[in-house]
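Written below as structure tokens is the structure these notes are about.
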Number of protein chains: 2
Amino acid sequence: MQDALSDFPLRDEEGDVRPEFLHAVADALEDGDISRARELTLDLHEADLADLLEILRQDDRARLIEALGEDFKAAALPELDEAVRDQVLEEMPPERVAEVLQELESDEAVYLLEDLDREDREDILSKLPYFERIALQRSLEYPEDSAGRMMQTDLIAVPPFWSVGQTIDYMREAGDLPERFYEIFVVDPAYHLIGCVALNKILRSKRPTEMEAIVDEEMHPIPVSVDQEEVARQFERYNLNSAPVVDEDGRLVGVITADDIVEVVQEEASEDILAMGGVGGESVVDTVWETTRLRFAWLVANLITAIAASIVISFFEATIEQMVALAVLMPIVASMGGNAGTQTMTVAVRALATQDLGPANAMRVILRECAVGLLNGLLFAVIMAAIAYFWFGSDGLGLVIGVAMVVNLFAAALAGILIPLGLDALDLDPAIASGVFVTTVTDVVGFFAFLGLAALWLA
Amino acid sequence: MQDALSDFPLRDEEGDVRPEFLHAVADALEDGDISRARELTLDLHEADLADLLEILRQDDRARLIEALGEDFKAAALPELDEAVRDQVLEEMPPERVAEVLQELESDEAVYLLEDLDREDREDILSKLPYFERIALQRSLEYPEDSAGRMMQTDLIAVPPFWSVGQTIDYMREAGDLPERFYEIFVVDPAYHLIGCVALNKILRSKRPTEMEAIVDEEMHPIPVSVDQEEVARQFERYNLNSAPVVDEDGRLVGVITADDIVEVVQEEASEDILAMGGVGGESVVDTVWETTRLRFAWLVANLITAIAASIVISFFEATIEQMVALAVLMPIVASMGGNAGTQTMTVAVRALATQDLGPANAMRVILRECAVGLLNGLLFAVIMAAIAYFWFGSDGLGLVIGVAMVVNLFAAALAGILIPLGLDALDLDPAIASGVFVTTVTDVVGFFAFLGLAALWLA
């Protein structure tokens, strides 16, 4: 497919884009060598073209799209990161975007439209033919991230009394079939879903067989308004390759295939990872200003936590003046608590996301976490008591840090499991806010337990 | 399908297992009421049965499997979490496991066998019929987590000169076809892959058409030894629903479908999330001892980091004695650095995993992170200088903490991006170790900058 380029590939053997390729394209674009830029990029797969566009500089992106002109592959657009996609769509006149939308499958067209401003979107929609416009508008009416937004509306549905032969003839003659499909749906006259017939079953059946006789009624139909995270869970749980989407009345409205689910799972996992790291909604193509702004908010939340911990320390200024070794050791207690709390919280947040943690086993997991917190608390109490004793030659100090360690690791376990469970029960995303709350608990408890015990001992 | 149970469902509307259902099953098992336990669980989908087994107590699991006997659904086994699966397999006699393996698809059978002890595995394999045994042994020879382990070896391959009619007749007559398949592969006499024909294309073509005429040669064949993470990337990048697997000589050896990829993506994301939280390889069904042991190792690594930070503090004991406000404020500098570093690191680790960060854009991302670190450093320098000034009434202290903040947030950005990139370049998993190194840098730099500047100022 890419014979001309086989000795100058886009990717290295690890699948990363090669810097040499990027620079060759960027140099051609900056030198105005349109034909060289076209030669390098014309035969790229749409996914590869998208990856290349993402790492090009902003002005080079516009130049490349202009250079490709009508040869720009529409299918590359849905593969682009949101920030880059918006920029690229803005570079294209609405007529061209409308053309591009018609080349795409319906779920991809919706995906492109949903992030645009209302005005831009209406402008583009108005340039589409009637039926395409209506279909897209209907999909856009479903809630964001719902099955209705993800589904493909091109599908094949036949009545139960059709024979296999009739169905095959219909497919041979019909012109507007979906590009890829894996099953045929069987519906009643009101389009209520009866079941589906996998293509391999049709191929293996004799022509006179009625569809009714080979229909598989054991399906996992997905309600159209369900969130994509739940759709992904259904696919994962039942190892689905595709699933029909039905409206409130059980009427067939679309189909979702596993390749879309791969994207959703990756996206949801990224969201959780970034949220837990305090960088929600960020991507490597964002600008410096945008990134600074997004991270600033999270750092402010963390600053408030840190100041709360400092206020606790300030209660014990006199104690620290009495024994400055306390200032040396106190970060250890807080840091161990923070890490133990993060461990518990990470397991809890992930298990909530994958539904391995739910009401049926919450109590058992809470008890287990408390036991683990207590055990590790005792182990590190002994270790830290020994270290403090040998470092500062004080058995009292060893005892104080040991007890503080047990208290803080137990508090870390409790906070690490109860905070995510509580946020989840309140229908808040535990991945986003758990971290700040858990660290607040472990910092405050850690400093208070250590310095408070020290104050009692020194008093 | 579950009419008898429709008024007593396993799951609530959010998809979590209902505690009432769990308790009903557990009570029946503990009361020895076999028929009630069977009645509740006999019609469960294999995925639901697996979820139920996971949250049952260990002894109840064995009882349920005994109660179900021959009716236990083999397909539930690959759905189980590893720790539970091993326990369940141990409860079953090897003959029964061998029976179960024959009911499964080849990739699932491999998945069950690969985690067993060598001895148990040989024992079970020896009870299988010759051809099944050879096929499984060959799959097990591929490296763990490779395409060879994931692939399904049941597939349909025909020569290019066959007609569509011949192919359809073959499928109608052959008895041992795979249960689900979406395309037919076209191979030469040496089984080299020529291309594939989607089933819908066969259905739409006339019987005399030669397969050669409709074969699609634009494929993304996957080398059999490639890691599952790379397989998932290929599926994601090219929106594949299935892909052929080929050996070193380009011969077709298997096929991978997108439903398996959904599992891989979920698994790889879980691994990264848990590794970043310091709880690698853990699951909610592990025992207290196992969990304590796994977490202990990570906490020891963190303790070493914390002690390194404490040693830095101990250099400045005299300075802290001179001005105890330093002890109150110093955790703020370290904590802000730790959080800013974690932000950068999280973006870097995730972008490396999704290949949004690679050699072609590494330098640009490093520069961006440094700029963001410097900007946020300046912003928080001003904020903290003001807070310190109003809290302790000292403009010198404000200046010291402000400068320390800029230094530490800049160091955090550098460490947050360079450490994951460095680990990745060394072929180490950046998700596992980045956190400890980044925190070490931000703690040490934070305390050193703040206390060191304070010492200079107070001297």
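Chains: A, B, ... in order of the structure tokens. Residues: from 1 per chain. Ligands: from 1, in order shown.
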Could you give me the residues within range 207-428 of chain B that DSSP places in helix (DSSP H, G or I), as a VMD selection string? chain B and resid 211 to 214 228 to 238 258 to 276 288 to 315 317 to 322 325 to 353 362 to 392 395 to 425
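Close contacts of Ala360 in chain A, defined as residues with an atom at most 8 Å away when counting only C-alpha atoms, with chain neighbours fewer than 5 positions off set aside, comprise Asp16, Val17, Arg18, Pro19, Leu22 and Ile55 of chain B.
Counting only C-alpha atoms, the residue from A:Leu42, A:Ile156, A:Val215, A:Leu203 that sits nearest to Met171 in chain B is A:Leu203.
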Excluding same-chain residues fewer than 5 positions from Ser225 in chain A, what lies within 9 Å of it counting only C-alpha atoms, as a PyMOL selection string? chain A and resi 142-143+145-149+247-248
Those same residues, written as a JSON list (two decimals), in the first residue's frame with C-alpha atoms?
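As a result, out_11.json now contains:
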[["chain", "number", "residue", "atom", "x", "y", "z"],
["A", 142, "TYR", "CA", -29.00, 12.32, 22.88],
["A", 143, "PRO", "CA", -26.97, 13.25, 25.96],
["A", 145, "ASP", "CA", -21.21, 10.44, 26.03],
["A", 146, "SER", "CA", -24.40, 8.37, 25.70],
["A", 147, "ALA", "CA", -24.95, 5.25, 23.62],
["A", 148, "GLY", "CA", -27.01, 7.42, 21.24],
["A", 149, "ARG", "CA", -23.97, 9.55, 20.42],
["A", 247, "ASP", "CA", -35.01, 3.47, 22.44],
["A", 248, "GLU", "CA", -37.36, 3.60, 25.45]]
Who sits within 9 Å of range 327-335 of chain B, only C-alpha atoms, same chain under 3 positions skipped, as a PyMOL selection string: (chain A and resi 302-303+305-307+309-314+317+320+324+327-328+331) or (chain B and resi 320+323-324+338-340+388+401+404-405+408-409+439+442-447+450-451)
Using C-alpha atoms, can you write the selected residues to a file as a short mmCIF file (atom, residue, chain, number, x, y, z; two decimals), in the first residue's frame?
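File written: result-v4.cif
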data_model
loop_
_atom_site.label_atom_id
_atom_site.label_comp_id
_atom_site.auth_asym_id
_atom_site.auth_seq_id
_atom_site.Cartn_x
_atom_site.Cartn_y
_atom_site.Cartn_z
CA ASN A 302 -3.40 21.38 47.36
CA LEU A 303 -2.08 24.64 48.83
CA THR A 305 -4.45 21.30 52.26
CA ALA A 306 -0.80 22.12 52.89
CA ILE A 307 -1.69 25.27 54.83
CA ALA A 309 -1.25 20.96 57.83
CA SER A 310 0.99 23.94 58.59
CA ILE A 311 -1.61 25.37 60.96
CA VAL A 312 -1.52 22.08 62.86
CA ILE A 313 2.28 22.37 63.07
CA SER A 314 2.05 25.96 64.26
CA GLU A 317 5.84 25.66 67.74
CA ILE A 320 9.45 22.02 68.25
CA VAL A 324 14.14 20.39 66.93
CA ALA A 327 10.90 18.99 62.77
CA VAL A 328 13.33 16.57 61.18
CA PRO A 331 7.60 14.88 57.40
CA ILE B 320 15.18 25.89 62.54
CA MET B 323 13.38 30.47 63.63
CA VAL B 324 10.75 27.79 64.26
CA GLY B 338 5.38 16.95 45.00
CA ASN B 339 1.98 17.74 43.56
CA ALA B 340 3.29 19.78 40.63
CA ALA B 388 4.15 34.08 54.91
CA ILE B 401 9.64 30.94 50.56
CA ALA B 404 12.14 28.34 47.13
CA MET B 405 8.74 27.88 45.50
CA ASN B 408 11.02 23.67 43.53
CA LEU B 409 8.19 23.95 41.00
CA THR B 439 8.97 12.80 45.05
CA THR B 442 10.82 17.54 45.00
CA ASP B 443 11.28 16.75 48.72
CA VAL B 444 15.03 17.11 48.67
CA VAL B 445 15.07 20.21 46.45
CA GLY B 446 12.14 21.73 48.34
CA PHE B 447 13.65 21.40 51.82
CA PHE B 450 13.83 26.69 51.49
CA LEU B 451 16.02 25.92 54.50
#
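Nearest to chain B of all the residues A:Leu49, A:Ala325, A:Leu125, A:Leu80 is A:Ala325, based on only C-alpha atoms.
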Tell me, which residues of range 57-227 of chain B carry DSSP strand (DSSP E or B), written as a PyMOL selection string? chain B and resi 146+152+157-158+163+183-187+192-198+210+216+222-223+227
Neighbour list for Ala455 in chain B as an MDAnalysis selection string, cut-off 10 Å, only C-alpha atoms, skip fewer than 6 positions in-chain: chainID B and resid 316 318:320 322:323 400 449
Check the smallest atom-to-atom distance from each of A:Ile65, A:Ala76, A:Leu240, A:Ile134 to chain B using only C-alpha atoms, then report the winner. A:Leu240
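Around Met219 in chain B, within 12 Å and counting only C-alpha atoms, the residues found are Met1 and His45 of chain A; Glu183, Phe185, Val186, Leu193, Ile194, Gly195, Cys196, Val197, Ala198, Val215, Asp216, Ile222, Gln234, Phe235, Tyr238, Asn239, Leu240, Asn241, Ser242, Ala243, Pro244, Val245 and Val246 of chain B, once anything fewer than 3 positions away on its own chain is removed.
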Those same residues, written as a short mmCIF file (atom, residue, chain, number, x, y, z; two decimals), in the first residue's frame with N, CA, C and O atoms?
data_model
loop_
_atom_site.label_atom_id
_atom_site.label_comp_id
_atom_site.auth_asym_id
_atom_site.auth_seq_id
_atom_site.Cartn_x
_atom_site.Cartn_y
_atom_site.Cartn_z
N MET A 1 0.83 -1.20 0.00
CA MET A 1 0.00 0.00 0.00
C MET A 1 0.87 1.26 0.00
O MET A 1 0.54 2.25 -0.61
N HIS A 45 -2.05 6.32 5.92
CA HIS A 45 -3.34 5.90 6.49
C HIS A 45 -3.89 7.07 7.29
O HIS A 45 -3.14 7.86 7.86
N GLU B 183 -14.78 -12.75 9.15
CA GLU B 183 -14.19 -12.68 7.82
C GLU B 183 -13.58 -14.03 7.48
O GLU B 183 -13.39 -14.88 8.35
N PHE B 185 -10.29 -15.74 5.53
CA PHE B 185 -8.95 -15.38 5.07
C PHE B 185 -8.63 -16.11 3.78
O PHE B 185 -9.07 -17.24 3.56
N VAL B 186 -7.87 -15.43 2.92
CA VAL B 186 -7.43 -16.04 1.68
C VAL B 186 -5.93 -16.27 1.80
O VAL B 186 -5.18 -15.34 2.14
N LEU B 193 -0.54 -15.43 4.14
CA LEU B 193 -1.75 -14.62 4.10
C LEU B 193 -1.77 -13.73 2.86
O LEU B 193 -0.83 -12.97 2.61
N ILE B 194 -2.83 -13.82 2.07
CA ILE B 194 -2.97 -12.94 0.90
C ILE B 194 -3.89 -11.77 1.25
O ILE B 194 -3.63 -10.63 0.88
N GLY B 195 -4.95 -12.04 1.96
CA GLY B 195 -5.87 -10.97 2.32
C GLY B 195 -7.08 -11.56 3.02
O GLY B 195 -7.08 -12.74 3.38
N CYS B 196 -8.10 -10.73 3.23
CA CYS B 196 -9.28 -11.26 3.87
C CYS B 196 -10.54 -10.74 3.17
O CYS B 196 -10.50 -9.75 2.44
N VAL B 197 -11.63 -11.47 3.35
CA VAL B 197 -12.90 -11.09 2.76
C VAL B 197 -13.92 -11.02 3.90
O VAL B 197 -14.16 -12.02 4.58
N ALA B 198 -14.46 -9.84 4.12
CA ALA B 198 -15.48 -9.69 5.17
C ALA B 198 -16.71 -10.48 4.77
O ALA B 198 -17.03 -10.59 3.58
N VAL B 215 -11.01 -10.04 -2.60
CA VAL B 215 -10.16 -10.04 -1.41
C VAL B 215 -9.65 -8.63 -1.11
O VAL B 215 -9.35 -7.85 -2.01
N ASP B 216 -9.61 -8.33 0.17
CA ASP B 216 -9.10 -7.03 0.62
C ASP B 216 -7.67 -7.24 1.10
O ASP B 216 -7.42 -7.95 2.06
N ILE B 222 -0.75 -8.92 12.37
CA ILE B 222 -0.01 -8.73 13.62
C ILE B 222 0.99 -9.87 13.79
O ILE B 222 0.61 -11.03 13.74
N GLN B 234 -2.49 -1.09 17.78
CA GLN B 234 -2.83 -1.27 16.36
C GLN B 234 -4.34 -1.24 16.18
O GLN B 234 -4.85 -0.60 15.26
N PHE B 235 -5.06 -1.94 17.05
CA PHE B 235 -6.52 -1.97 16.94
C PHE B 235 -7.08 -0.57 17.11
O PHE B 235 -8.00 -0.16 16.41
N TYR B 238 -6.06 1.85 14.06
CA TYR B 238 -6.69 1.61 12.77
C TYR B 238 -8.15 1.19 12.90
O TYR B 238 -8.74 0.71 11.94
N ASN B 239 -8.74 1.39 14.09
CA ASN B 239 -10.16 1.04 14.33
C ASN B 239 -10.51 -0.34 13.81
O ASN B 239 -11.48 -0.52 13.07
N LEU B 240 -9.72 -1.33 14.20
CA LEU B 240 -9.94 -2.68 13.69
C LEU B 240 -11.03 -3.40 14.49
O LEU B 240 -11.21 -3.14 15.67
N ASN B 241 -11.74 -4.28 13.84
CA ASN B 241 -12.67 -5.15 14.54
C ASN B 241 -12.09 -6.54 14.69
O ASN B 241 -12.46 -7.29 15.57
N SER B 242 -11.17 -6.88 13.79
CA SER B 242 -10.41 -8.11 13.95
C SER B 242 -9.16 -7.99 13.10
O SER B 242 -9.09 -7.16 12.18
N ALA B 243 -8.16 -8.79 13.41
CA ALA B 243 -6.90 -8.74 12.66
C ALA B 243 -6.27 -10.12 12.63
O ALA B 243 -6.31 -10.84 13.63
N PRO B 244 -5.69 -10.49 11.47
CA PRO B 244 -5.01 -11.78 11.38
C PRO B 244 -3.67 -11.73 12.11
O PRO B 244 -3.05 -10.67 12.21
N VAL B 245 -3.24 -12.88 12.62
CA VAL B 245 -1.93 -12.98 13.27
C VAL B 245 -1.06 -13.87 12.39
O VAL B 245 -1.52 -14.93 11.94
N VAL B 246 0.17 -13.42 12.13
CA VAL B 246 1.05 -14.18 11.23
C VAL B 246 2.37 -14.51 11.92
O VAL B 246 2.80 -13.78 12.81
#
If we count only C-alpha atoms, what is near His192 in chain A at a cut-off of 8 Å, once residues fewer than 6 positions away on the same chain are taken out, given as an NGL selection string? :A and (249-252)
Write out, as an mmCIF file, in the first residue's frame, the residues just selected, with all heavy atoms.
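As written to disk, part-v3.cif reads:
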data_model
loop_
_atom_site.group_PDB
_atom_site.id
_atom_site.type_symbol
_atom_site.label_atom_id
_atom_site.label_comp_id
_atom_site.auth_asym_id
_atom_site.auth_seq_id
_atom_site.Cartn_x
_atom_site.Cartn_y
_atom_site.Cartn_z
ATOM 1 N N ASP A 249 -38.908 2.513 23.912
ATOM 2 C CA ASP A 249 -39.955 1.553 23.571
ATOM 3 C C ASP A 249 -39.399 0.248 23.015
ATOM 4 O O ASP A 249 -40.157 -0.566 22.481
ATOM 5 C CB ASP A 249 -40.903 2.182 22.536
ATOM 6 C CG ASP A 249 -41.491 3.476 23.043
ATOM 7 O OD1 ASP A 249 -41.840 3.519 24.236
ATOM 8 O OD2 ASP A 249 -41.557 4.443 22.271
ATOM 9 N N GLY A 250 -38.081 0.064 23.119
ATOM 10 C CA GLY A 250 -37.500 -1.182 22.628
ATOM 11 C C GLY A 250 -37.349 -1.225 21.120
ATOM 12 O O GLY A 250 -37.162 -2.297 20.537
ATOM 13 N N ARG A 251 -37.438 -0.058 20.472
ATOM 14 C CA ARG A 251 -37.267 -0.027 19.018
ATOM 15 C C ARG A 251 -35.790 0.116 18.673
ATOM 16 O O ARG A 251 -35.062 0.892 19.300
ATOM 17 C CB ARG A 251 -38.053 1.139 18.420
ATOM 18 C CG ARG A 251 -39.498 0.793 18.116
ATOM 19 C CD ARG A 251 -40.148 1.890 17.325
ATOM 20 N NE ARG A 251 -40.259 3.076 18.146
ATOM 21 C CZ ARG A 251 -41.425 3.502 18.708
ATOM 22 N NH1 ARG A 251 -42.533 2.843 18.487
ATOM 23 N NH2 ARG A 251 -41.442 4.570 19.445
ATOM 24 N N LEU A 252 -35.371 -0.626 17.649
ATOM 25 C CA LEU A 252 -33.978 -0.594 17.218
ATOM 26 C C LEU A 252 -33.619 0.767 16.622
ATOM 27 O O LEU A 252 -34.282 1.222 15.679
ATOM 28 C CB LEU A 252 -33.781 -1.691 16.162
ATOM 29 C CG LEU A 252 -32.382 -1.842 15.571
ATOM 30 C CD1 LEU A 252 -31.395 -2.296 16.627
ATOM 31 C CD2 LEU A 252 -32.427 -2.840 14.416
#
In Å, how far is it from CA of Ala415 in chain B to CA of Gly341 in chain B? 6.8 Å
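Closest approach to Asp107 in chain A from the set A:Leu155, A:Ala348, A:Leu274, A:Met150 is made by A:Met150, with distances taken over only C-alpha atoms.
Ranking A:Val382, A:Leu414, A:Leu421, A:Leu68 by their shortest atom-to-atom distance to Ala362 in chain A, with only C-alpha atoms included, puts A:Leu421 first.
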